[in-house]
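Chemist: structure-v2.cif is the file, holding mmCIF, C-alpha atoms:
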data_target
#
loop_
_atom_site.label_atom_id
_atom_site.label_comp_id
_atom_site.auth_asym_id
_atom_site.auth_seq_id
_atom_site.Cartn_x
_atom_site.Cartn_y
_atom_site.Cartn_z
CA MET A 1 338.64 -64.28 22.52
CA THR A 2 339.72 -60.92 21.07
CA THR A 3 338.54 -59.13 17.97
CA ASP A 4 339.74 -56.18 15.92
CA ALA A 5 336.20 -55.11 15.16
CA ALA A 6 335.35 -51.54 16.14
CA PRO A 7 333.23 -51.33 19.29
CA ILE A 8 329.54 -50.61 18.82
CA PRO A 9 328.84 -46.88 19.17
CA VAL A 10 326.41 -45.54 21.74
CA PRO A 11 323.25 -44.46 19.85
CA TYR A 12 322.35 -40.79 19.65
CA ASP A 13 319.38 -39.28 21.43
CA PRO A 14 316.81 -38.96 18.59
CA ALA A 15 316.06 -35.39 19.68
CA LEU A 16 319.69 -34.49 18.96
CA GLU A 17 319.98 -35.99 15.49
CA PRO A 18 318.72 -32.93 13.55
CA GLY A 19 321.27 -30.76 15.35
CA LEU A 20 324.02 -33.26 14.59
CA ALA A 21 323.11 -33.18 10.91
CA ALA A 22 323.23 -29.37 10.98
CA PHE A 23 326.63 -29.49 12.73
CA LEU A 24 328.07 -31.79 10.09
CA GLU A 25 326.67 -29.71 7.22
CA LEU A 26 327.83 -26.40 8.63
CA VAL A 27 331.15 -27.24 10.28
CA GLU A 28 332.47 -30.49 8.82
CA ARG A 29 331.66 -30.11 5.16
CA ILE A 30 335.26 -30.84 4.15
CA PRO A 31 336.89 -34.01 5.56
CA LEU A 32 339.80 -33.00 7.80
CA ARG A 33 343.15 -34.35 6.62
CA ALA A 34 346.66 -32.91 6.67
CA ASP A 35 346.18 -31.50 3.17
CA THR A 36 342.75 -29.97 3.91
CA ILE A 37 343.50 -28.12 7.14
CA LEU A 38 343.79 -24.76 5.39
CA ALA A 39 340.60 -25.31 3.38
CA ASN A 40 338.79 -26.28 6.56
CA ARG A 41 340.20 -23.24 8.32
CA ALA A 42 338.93 -20.93 5.59
CA HIS A 43 335.47 -22.50 5.74
CA PHE A 44 335.44 -22.54 9.54
CA ALA A 45 336.12 -18.79 9.56
CA THR A 46 332.85 -18.17 7.69
CA VAL A 47 330.70 -19.98 10.25
CA ILE A 48 330.78 -17.40 13.05
CA PRO A 49 329.49 -13.85 12.53
CA PRO A 50 331.71 -10.83 13.30
CA ILE A 51 331.71 -9.47 16.82
CA GLU A 52 329.62 -6.45 15.84
CA ALA A 53 326.84 -8.74 14.62
CA GLN A 54 327.12 -10.95 17.70
CA LEU A 55 326.59 -7.96 19.99
CA GLY A 56 323.95 -6.12 17.97
CA GLU A 57 322.06 -3.76 20.29
CA LEU A 58 322.92 -5.59 23.49
CA PRO A 59 324.04 -3.40 26.41
CA LEU A 60 327.62 -4.59 26.10
CA GLU A 61 330.85 -3.20 24.72
CA PHE A 62 333.91 -4.77 23.19
CA GLU A 63 337.51 -3.73 22.81
CA HIS A 64 340.37 -5.26 20.84
CA ARG A 65 343.84 -5.08 22.34
CA ARG A 66 347.33 -6.35 21.67
CA VAL A 67 348.97 -7.80 24.75
CA PRO A 68 352.37 -9.39 25.39
CA GLY A 69 352.75 -12.95 24.17
CA PRO A 70 355.09 -15.59 25.58
CA ALA A 71 358.79 -14.77 25.77
CA GLY A 72 360.23 -14.55 22.28
CA ALA A 73 356.81 -14.84 20.60
CA PRO A 74 354.61 -12.21 18.93
CA ASP A 75 352.10 -10.11 20.81
CA LEU A 76 348.61 -11.58 21.17
CA GLU A 77 345.31 -10.20 19.96
CA VAL A 78 342.54 -10.35 22.54
CA THR A 79 338.96 -9.12 22.59
CA ILE A 80 337.43 -7.87 25.84
CA ILE A 81 333.65 -8.05 26.33
CA ARG A 82 331.94 -6.38 29.28
CA PRO A 83 328.74 -4.59 30.26
CA ARG A 84 328.51 -0.91 29.31
CA GLU A 85 327.61 -0.17 32.91
CA ARG A 86 330.70 -1.43 34.61
CA ALA A 87 330.80 -2.81 38.12
CA GLU A 88 333.79 -3.09 40.40
CA ALA A 89 335.30 -6.47 41.18
CA ALA A 90 333.34 -8.37 38.52
CA PRO A 91 334.01 -12.03 37.79
CA GLY A 92 336.43 -12.67 34.92
CA VAL A 93 336.40 -15.34 32.23
CA LEU A 94 339.29 -16.20 29.92
CA SER A 95 337.69 -17.85 26.89
CA ILE A 96 339.72 -20.24 24.74
CA HIS A 97 338.11 -21.24 21.45
CA GLY A 98 337.75 -24.71 19.97
CA GLY A 99 338.74 -26.01 16.55
CA GLY A 100 341.05 -28.94 17.20
CA LEU A 101 344.09 -26.65 17.68
CA VAL A 102 344.16 -26.22 13.89
CA LEU A 103 340.99 -24.20 13.17
CA GLY A 104 339.05 -21.23 14.47
CA THR A 105 339.52 -17.73 15.84
CA ARG A 106 338.88 -16.07 19.18
CA PHE A 107 335.42 -15.05 17.98
CA PHE A 108 334.26 -18.64 18.39
CA GLY A 109 334.57 -18.01 22.12
CA THR A 110 332.83 -14.66 22.26
CA PRO A 111 329.20 -15.94 22.26
CA GLU A 112 329.86 -17.52 25.67
CA LEU A 113 331.37 -14.25 26.92
CA ILE A 114 328.39 -12.29 25.66
CA GLU A 115 325.94 -14.58 27.48
CA LEU A 116 327.90 -14.45 30.73
CA ALA A 117 328.30 -10.68 30.59
CA LEU A 118 324.54 -10.30 30.15
CA ARG A 119 323.60 -12.73 32.90
CA TYR A 120 326.27 -12.07 35.48
CA GLY A 121 328.12 -8.90 34.57
CA THR A 122 331.34 -10.76 33.84
CA VAL A 123 334.33 -9.27 32.05
CA GLY A 124 335.52 -11.70 29.41
CA VAL A 125 338.75 -11.96 27.44
CA ALA A 126 338.93 -14.06 24.26
CA VAL A 127 342.46 -14.89 23.13
CA GLU A 128 343.76 -15.43 19.58
CA TYR A 129 346.28 -18.23 19.92
CA ARG A 130 348.60 -19.63 17.28
CA LEU A 131 347.38 -22.67 15.34
CA ALA A 132 349.07 -25.89 14.23
CA PRO A 133 350.70 -27.12 12.07
CA GLU A 134 352.37 -23.76 11.41
CA HIS A 135 352.88 -23.36 15.16
CA PRO A 136 353.25 -26.78 16.83
CA GLY A 137 352.62 -27.32 20.50
CA PRO A 138 353.23 -25.80 22.99
CA ALA A 139 352.65 -22.55 21.07
CA ALA A 140 348.88 -22.49 21.61
CA VAL A 141 348.89 -23.21 25.33
CA GLU A 142 351.76 -20.80 25.95
CA ASP A 143 349.78 -18.07 24.17
CA CYS A 144 346.74 -18.80 26.33
CA TYR A 145 348.81 -18.78 29.50
CA ALA A 146 350.34 -15.43 28.53
CA ALA A 147 346.81 -14.08 28.07
CA LEU A 148 345.90 -15.32 31.55
CA GLU A 149 348.95 -13.62 33.05
CA TRP A 150 348.01 -10.35 31.36
CA PHE A 151 344.37 -10.67 32.43
CA ALA A 152 345.28 -11.28 36.06
CA ALA A 153 347.87 -8.48 36.10
CA HIS A 154 345.33 -6.00 34.67
CA ALA A 155 342.36 -7.18 36.71
CA ALA A 156 342.00 -3.88 38.59
CA GLU A 157 342.11 -1.85 35.38
CA LEU A 158 339.45 -4.11 33.85
CA GLY A 159 337.24 -3.99 36.93
CA VAL A 160 337.76 -7.68 37.69
CA ASP A 161 338.14 -9.45 41.02
CA PRO A 162 341.45 -11.35 40.60
CA GLU A 163 340.15 -14.06 42.95
CA ARG A 164 337.20 -14.79 40.62
CA ILE A 165 338.84 -15.50 37.26
CA ILE A 166 338.10 -18.79 35.53
CA VAL A 167 339.39 -20.28 32.32
CA SER A 168 336.81 -21.78 29.96
CA GLY A 169 336.77 -23.59 26.64
CA ALA A 170 335.15 -26.30 24.58
CA SER A 171 336.85 -29.09 22.62
CA ALA A 172 340.41 -27.88 21.90
CA GLY A 173 339.55 -24.89 24.10
CA GLY A 174 338.72 -27.29 26.92
CA GLY A 175 342.04 -29.06 26.54
CA LEU A 176 343.88 -25.73 26.45
CA SER A 177 341.99 -24.58 29.55
CA ALA A 178 343.23 -27.71 31.33
CA GLY A 179 346.74 -27.03 30.04
CA VAL A 180 346.66 -23.42 31.24
CA SER A 181 345.53 -24.64 34.68
CA LEU A 182 348.48 -27.04 34.79
CA LEU A 183 350.92 -24.28 33.80
CA ALA A 184 349.50 -21.91 36.41
CA ARG A 185 349.99 -24.59 39.06
CA GLY A 186 353.49 -25.51 37.95
CA ARG A 187 354.74 -21.93 37.55
CA GLY A 188 353.08 -20.46 40.60
CA GLY A 189 351.05 -18.25 38.28
CA PRO A 190 347.64 -16.63 38.61
CA ARG A 191 345.30 -18.40 40.99
CA LEU A 192 342.26 -19.53 39.05
CA ALA A 193 338.85 -19.84 40.68
CA GLY A 194 337.93 -22.67 38.30
CA GLN A 195 338.42 -24.41 34.99
CA LEU A 196 335.44 -25.14 32.75
CA LEU A 197 336.33 -28.04 30.46
CA ASN A 198 333.56 -28.63 27.94
CA CYS A 199 334.06 -31.84 25.88
CA PRO A 200 337.82 -31.30 26.27
CA MET A 201 340.53 -32.52 23.90
CA LEU A 202 343.02 -33.97 26.38
CA ASP A 203 344.93 -36.96 25.01
CA ASP A 204 347.06 -37.18 21.86
CA ARG A 205 347.07 -40.99 21.92
CA ASN A 206 343.44 -41.37 20.75
CA GLU A 207 343.33 -44.94 22.09
CA THR A 208 340.16 -45.05 24.20
CA VAL A 209 337.08 -47.15 23.50
CA SER A 210 335.07 -44.03 22.73
CA SER A 211 337.66 -42.84 20.21
CA ARG A 212 337.22 -46.13 18.35
CA GLN A 213 333.43 -46.09 18.64
CA TYR A 214 333.27 -42.82 16.69
CA ASP A 215 335.61 -43.56 13.81
CA GLY A 216 333.93 -42.08 10.74
CA ILE A 217 330.80 -41.35 12.77
CA GLY A 218 329.47 -38.11 14.20
CA ALA A 219 330.99 -34.73 14.90
CA TRP A 220 334.78 -34.54 15.35
CA ASP A 221 335.47 -38.22 14.80
CA ARG A 222 338.60 -40.31 15.36
CA ASN A 223 340.08 -39.27 11.99
CA ASN A 224 339.70 -35.56 12.77
CA ASN A 225 341.32 -36.11 16.14
CA ASP A 226 344.26 -38.00 14.62
CA THR A 227 344.76 -35.32 11.99
CA ALA A 228 344.74 -32.53 14.56
CA TRP A 229 347.06 -34.16 17.08
CA THR A 230 349.58 -35.06 14.38
CA ALA A 231 349.52 -31.43 13.23
CA VAL A 232 350.19 -30.29 16.80
CA LEU A 233 352.89 -32.79 17.77
CA GLY A 234 354.31 -34.26 14.56
CA ASP A 235 356.88 -36.97 15.25
CA ARG A 236 356.66 -36.31 18.99
CA ARG A 237 353.15 -37.74 19.12
CA PHE A 238 352.82 -40.91 21.24
CA GLY A 239 356.28 -40.30 22.70
CA ASP A 240 357.09 -40.21 26.38
CA ASP A 241 358.15 -36.55 26.27
CA VAL A 242 354.80 -35.02 25.22
CA SER A 243 354.18 -32.03 27.45
CA PRO A 244 351.17 -32.31 29.79
CA ALA A 245 350.46 -28.66 29.03
CA VAL A 246 349.80 -29.70 25.43
CA ALA A 247 348.06 -33.02 26.18
CA PRO A 248 346.83 -32.73 29.78
CA ALA A 249 346.00 -36.44 30.04
CA ARG A 250 349.79 -36.95 30.13
CA ALA A 251 350.09 -35.13 33.48
CA ALA A 252 351.57 -37.44 36.11
CA GLU A 253 349.67 -35.82 38.98
CA LEU A 254 346.47 -33.78 39.03
CA GLY A 255 346.44 -32.48 42.58
CA GLY A 256 346.48 -28.79 43.44
CA LEU A 257 344.42 -27.69 40.46
CA PRO A 258 341.51 -25.23 40.51
CA PRO A 259 338.02 -26.74 40.78
CA ALA A 260 337.06 -28.32 37.48
CA TYR A 261 333.77 -28.66 35.66
CA LEU A 262 333.87 -31.36 32.98
CA GLU A 263 331.06 -32.18 30.59
CA VAL A 264 330.96 -34.50 27.61
CA GLY A 265 328.53 -36.46 25.48
CA ALA A 266 328.24 -40.20 25.94
CA ALA A 267 328.27 -40.53 22.13
CA GLU A 268 331.53 -38.83 21.21
CA VAL A 269 335.28 -39.39 20.92
CA PHE A 270 336.26 -37.45 24.05
CA ARG A 271 333.97 -39.29 26.50
CA ASP A 272 336.48 -41.70 28.01
CA GLU A 273 339.42 -39.32 28.32
CA THR A 274 337.15 -36.77 30.03
CA VAL A 275 335.88 -39.35 32.53
CA ALA A 276 339.44 -40.51 33.20
CA TYR A 277 340.65 -36.96 33.78
CA ALA A 278 337.89 -36.23 36.30
CA SER A 279 338.59 -39.53 38.07
CA ARG A 280 342.27 -38.68 38.38
CA ILE A 281 341.48 -35.24 39.83
CA TRP A 282 339.34 -36.95 42.49
CA ALA A 283 342.06 -39.52 43.15
CA ALA A 284 344.48 -36.64 43.83
CA GLY A 285 342.06 -35.08 46.32
CA GLY A 286 340.87 -32.35 43.97
CA GLN A 287 337.47 -30.94 43.15
CA ALA A 288 335.79 -31.99 39.90
CA GLU A 289 332.19 -32.01 38.76
CA LEU A 290 331.62 -34.42 35.88
CA HIS A 291 328.57 -34.72 33.63
CA VAL A 292 328.27 -37.33 30.87
CA TRP A 293 325.13 -36.68 28.85
CA ALA A 294 323.29 -39.69 27.44
CA GLY A 295 323.11 -39.97 23.66
CA ALA A 296 324.89 -36.64 23.17
CA TYR A 297 327.29 -35.82 20.36
CA HIS A 298 330.29 -33.45 20.44
CA GLY A 299 329.05 -29.89 20.91
CA PHE A 300 325.42 -30.96 21.27
CA SER A 301 324.13 -28.20 23.54
CA GLY A 302 325.03 -25.49 21.04
CA PHE A 303 323.52 -27.15 17.97
CA SER A 304 320.51 -28.77 19.66
CA PRO A 305 319.61 -26.13 22.27
CA GLU A 306 315.92 -27.05 22.57
CA ALA A 307 316.47 -30.73 23.33
CA ILE A 308 315.73 -31.74 26.91
CA VAL A 309 319.24 -33.09 27.44
CA SER A 310 320.75 -29.83 26.17
CA ARG A 311 318.64 -27.82 28.58
CA ALA A 312 319.75 -30.06 31.41
CA ALA A 313 323.39 -29.64 30.40
CA ASN A 314 323.08 -25.86 30.22
CA GLU A 315 321.39 -25.71 33.63
CA ALA A 316 324.09 -27.90 35.22
CA ARG A 317 326.86 -25.74 33.76
CA ASP A 318 325.07 -22.60 34.88
CA SER A 319 324.80 -23.97 38.41
CA TRP A 320 328.54 -24.58 38.58
CA LEU A 321 329.28 -21.11 37.25
CA ARG A 322 327.03 -19.49 39.84
CA ARG A 323 328.67 -21.40 42.65
CA THR A 324 332.21 -20.90 41.39
CA LEU A 325 331.94 -17.21 40.52
CA GLY A 326 329.72 -16.33 43.46
CA VAL A 327 327.05 -14.67 41.34
CA LEU A 328 323.33 -14.41 41.81
CA PRO A 329 321.08 -17.17 40.41
CA SER A 330 319.91 -16.78 36.84
CA GLU A 331 316.31 -16.44 35.87
CA PRO A 332 314.46 -19.78 35.58
CA SER A 333 314.78 -21.39 32.18
CA ALA A 334 311.83 -21.02 29.84
#
Rewrite the coordinates I just gave you, this time as structure tokens.
Modeler:
Amino acid sequence: MTTDAAPIPVPYDPALEPGLAAFLELVERIPLRADTILANRAHFATVIPPIEAQLGELPLEFEHRRVPGPAGAPDLEVTIIRPRERAEAAPGVLSIHGGGLVLGTRFFGTPELIELALRYGTVGVAVEYRLAPEHPGPAAVEDCYAALEWFAAHAAELGVDPERIIVSGASAGGGLSAGVSLLARGRGGPRLAGQLLNCPMLDDRNETVSSRQYDGIGAWDRNNNDTAWTAVLGDRRFGDDVSPAVAPARAAELGGLPPAYLEVGAAEVFRDETVAYASRIWAAGGQAELHVWAGAYHGFSGFSPEAIVSRAANEARDSWLRRTLGVLPSEPSA
């Protein structure tokens, strides 16, 4: 017997519910539809403080640069964050921001770069990629790949070990990080030490059980996902010719990729596509570390940092970073 009823959602961890409410109030105040993307974008831009306020008196420095974009496309704006006291051959992190491929700026990725520069002396580059629907796919992933090429080519100038560069992002940034890794493999491009895919946006089809469990529920629900993917792909969505660089779940083969770290909440839209992606990397003989956090919503560790599950998620991610970048262990968590 079949039914069209929506599957029952996984309940949230009670310790995460206040953070989820704060997320929805701060980030998703305006329902995301095709005709509200620009209003959402304007609101989204007010959520993150400017880079000067993010850095404050920390012993770090930042620099804005314009670097070459993809062939035939405009130059890219990037922001570099590094310790004031520079070391040679530091690890490098290319940060790709979230926002469903329709919202956000590179400064949504700079808090991660600030934390990593403080803890491990990394040099980070945050890239400003073009957004949909004004710039449909593959514009965003091509911009991010161009930023990676520039980063790798200028590693010596930046004081970065070219063998220790990773690409990192959350949500849309996680999907773009996966797409950049696929492009680097396919084009014989820069060799990445790893890809950090945090609650990644991987599949335009939006057909999984988890995508139906969180329809009108929680942070970045099924409706938001549909709106964003249609903005990115238009009439090409669901077709057989969708580029895997844009929707990495479409990749026919996932062998030969850099080691991947994948994390996702059990109570969010992207759960099932993230699990499937990790499983396919393993099936192709690749390295993947997957964490599915019980009762966790999309972006939970940032909005509910004191919850036990958030601390566990942060510690697991930190462990992978230490192993992948070859850096000294962090101080024990408080």
Chemist: How would you write as a ChimeraX atom specification the residues that get within 7 Å of (341.8, -37.1, 22.7) in the file's frame, counting all atoms listed in the file?
Modeler: /A:201-206,225,270,273
Chemist: Residues within 8 Å of Pro59 of chain A, please, as JSON, numbers by chain. Count all atoms listed in the file; anything in the same chain fewer than 3 positions from it doesn't count.
Modeler: {"A": [83, 84, 118]}
Chemist: Could you work out how far atom CA of Glu63 of chain A lies from atom CA of Gly189 of chain A, giving the answer in Å with one decimal?
Modeler: 25.2 Å
Chemist: Do a neighbour search on Glu85 of chain A at 10 Å with all atoms listed in the file, toss out local chain neighbours closer than 4 positions, and write the hits as JSON, numbers by chain.
Modeler: {"A": [59, 60, 61, 121]}
Chemist: May I have the residues within 10 Å of segment 34-42 of chain A as a PDB file with C-alpha atoms, in the frame of the given file, using only C-alpha atoms and disregarding those fewer than 4 positions away in the same chain?
Modeler:
ATOM      1  CA  VAL A  27     331.150 -27.240  10.280  1.00  0.00           C
ATOM      2  CA  GLU A  28     332.470 -30.490   8.820  1.00  0.00           C
ATOM      3  CA  ARG A  29     331.660 -30.110   5.160  1.00  0.00           C
ATOM      4  CA  ILE A  30     335.260 -30.840   4.150  1.00  0.00           C
ATOM      5  CA  THR A  46     332.850 -18.170   7.690  1.00  0.00           C
ATOM      6  CA  VAL A  47     330.700 -19.980  10.250  1.00  0.00           C
ATOM      7  CA  GLY A  99     338.740 -26.010  16.550  1.00  0.00           C
ATOM      8  CA  VAL A 102     344.160 -26.220  13.890  1.00  0.00           C
ATOM      9  CA  LEU A 103     340.990 -24.200  13.170  1.00  0.00           C
ATOM     10  CA  GLY A 104     339.050 -21.230  14.470  1.00  0.00           C
ATOM     11  CA  THR A 105     339.520 -17.730  15.840  1.00  0.00           C
ATOM     12  CA  ALA A 132     349.070 -25.890  14.230  1.00  0.00           C
ATOM     13  CA  PRO A 133     350.700 -27.120  12.070  1.00  0.00           C
ATOM     14  CA  ASN A 224     339.700 -35.560  12.770  1.00  0.00           C
ATOM     15  CA  ASP A 226     344.260 -38.000  14.620  1.00  0.00           C
ATOM     16  CA  THR A 227     344.760 -35.320  11.990  1.00  0.00           C
ATOM     17  CA  ALA A 228     344.740 -32.530  14.560  1.00  0.00           C
ATOM     18  CA  THR A 230     349.580 -35.060  14.380  1.00  0.00           C
ATOM     19  CA  ALA A 231     349.520 -31.430  13.230  1.00  0.00           C
TER      20      ALA A 231
END
Chemist: Using the chain letters and numbers from the file, give me the residues hit by the PyMOL selection byres ((chain A and resi 88) around 9), as a PDB file with C-alpha atoms, keeping the file's coordinate frame.
Modeler:
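Produced file out-v6.pdb, reproduced below:
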ATOM      1  CA  ARG A  86     330.700  -1.430  34.610  1.00  0.00           C
ATOM      2  CA  ALA A  87     330.800  -2.810  38.120  1.00  0.00           C
ATOM      3  CA  ALA A  89     335.300  -6.470  41.180  1.00  0.00           C
ATOM      4  CA  ALA A  90     333.340  -8.370  38.520  1.00  0.00           C
ATOM      5  CA  ALA A 156     342.000  -3.880  38.590  1.00  0.00           C
ATOM      6  CA  LEU A 158     339.450  -4.110  33.850  1.00  0.00           C
ATOM      7  CA  GLY A 159     337.240  -3.990  36.930  1.00  0.00           C
ATOM      8  CA  VAL A 160     337.760  -7.680  37.690  1.00  0.00           C
ATOM      9  CA  ASP A 161     338.140  -9.450  41.020  1.00  0.00           C
TER      10      ASP A 161
END
Chemist: If the PyMOL selection byres ((chain A and resi 125) around 7) were run on this exact file, what residues would it hold? Put them as a PyMOL selection string.
Modeler: chain A and resi 78-81+93-95+123-124+126-127
Chemist: Give me, please, the distance in Å between atom CA of Pro9 of chain A and atom CA of Ala313 of chain A, quoted to one decimal.
Modeler: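 These two atoms are separated by 21.3 Å.
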Chemist: One decimal, in Å: what's the spacing between atom CA of Pro248 of chain A and atom CA of Asn198 of chain A?
Modeler: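 Atom-to-atom, atom CA of Pro248 of chain A to atom CA of Asn198 of chain A, that is 14.0 Å.
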Chemist: In terms of the shortest atom-to-atom distance over only C-alpha atoms, which of A:Gly169, A:Gly100, A:Gly285, A:Pro244 is closest to Val232 of chain A?
Modeler: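 Selected residue with least distance to Val232 of chain A: A:Gly100.
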Chemist: So which one's closest to Phe62 of chain A, A:Arg222, A:Arg82, A:His135, A:Arg130? Using all atoms listed in the file, please.
Modeler: A:Arg82
